[in-house]
Amino acid sequence: MEYNQSEFLIETIVPQDELIISRTDLKGVITYANETFANISGYSVEELVGQTHNIVRHPDMPKRVFKDMWNKLQNQQQWTGVVKNLRKDTGYYWVHATISGVYKEDKLVEYKSIRVPISYEDRLKYQKIYDQYRNIDKENIRRVIYS
């Protein structure tokens with residue numbers, strides 16, 4: 001999917017009193033999305049369910065963050081971290097995510113994710129950290145193209 005880089009400059013602020021909640025199967029396919037997730041991401045619940053969670057993956061996110069997440073989840077650990085997500089309209093929003101396994105009879109059956117807003121200062125801090133990671137890892141380097 002191609003985007004005009006300037007479209008990525010529109011931020012949606014997650015309200016302080018909202019929780020974004022979703023569940024996925026073991027491959028990351030969304031099985032449940034609450035209305036807050038739909039509203040913030042710009043998708044309907046119906047559009048989200050059945051899609052991989054990558055549907056909201058922002059190109060600014062370094063691959064190493066998700067590698068760490070999957071490593072922890074596959075080792076039956078909870079993962080917490082800051083994520084910049086992509087909206088349907090190519091805008092973005094920042095959240096602090098907590099992801100953990102859901103077990104039934106000691107068997108991992110799905111993952112649940114709860115996301116909450118982060119401060120403006122943290123958004124700036126993590127954008128700089130993630131820019132450094134992408135530069136070190138020689139991943140896509142964020143740039144704005146004006147036409």
# chains A, B, ... in the order shown; residues from 1 in each chain; ligands from 1
$ closest_atom_pairs --of "segment 66-144 of chain A" --to "segment 34-43 of chain A" --cutoff "9 Å" --atoms "only C-alpha atoms" --output "tab-separated table"
residue	atom	partner	partner_atom	distance
A:Asn85	CA	A:Ser41	CA	8.0
A:Leu86	CA	A:Ser41	CA	7.1
A:Arg87	CA	A:Ser41	CA	4.6
A:Lys88	CA	A:Gly42	CA	5.2
A:Asp89	CA	A:Gly42	CA	6.8
A:Gly91	CA	A:Ser41	CA	8.7
A:Tyr92	CA	A:Ser41	CA	7.9
A:Tyr93	CA	A:Ile40	CA	7.7
A:Arg115	CA	A:Phe37	CA	8.9
$ write_last_selection --atoms "C-alpha atoms" --output "PDB file, in the first residue's frame"
ATOM      1  CA  ASN A  85      -0.527   2.711  14.914  1.00  0.00           C
ATOM      2  CA  LEU A  86      -1.814   3.537  11.448  1.00  0.00           C
ATOM      3  CA  ARG A  87      -5.408   4.667  10.975  1.00  0.00           C
ATOM      4  CA  LYS A  88      -7.532   3.706   7.992  1.00  0.00           C
ATOM      5  CA  ASP A  89      -7.258   7.297   6.701  1.00  0.00           C
ATOM      6  CA  GLY A  91      -3.332   9.198  10.101  1.00  0.00           C
ATOM      7  CA  TYR A  92      -1.854   7.736  13.257  1.00  0.00           C
ATOM      8  CA  TYR A  93      -2.266   7.322  17.002  1.00  0.00           C
ATOM      9  CA  ARG A 115      -4.035  -0.189  24.914  1.00  0.00           C
TER      10      ARG A 115
END
$ residues_around --residues "Arg23 of chain A" --least-positions-apart "5" --cutoff "9 Å" --atoms "only C-alpha atoms" --output "list in words"
Gly28, Val29, Ile30, Thr31, Tyr32, Ala33, Glu110, Tyr111, Lys112, Ser113 and Ile114 of chain A
$ closest_residue --among "A:Val83, A:Ala97, A:Glu105, A:Met69" --to "Ile129 of chain A" --atoms "only C-alpha atoms"
A:Val83
$ atom_distance --atom1 "atom CA of Leu26 of chain A" --atom2 "atom CA of Gly101 of chain A"
9.0 Å
$ select_by_dssp --residues "chain A" --states "helix (DSSP H, G or I)" --output "MDAnalysis selection string"
chainID A and resid 5:9 35:41 45:48 53:56 63:74 120:136
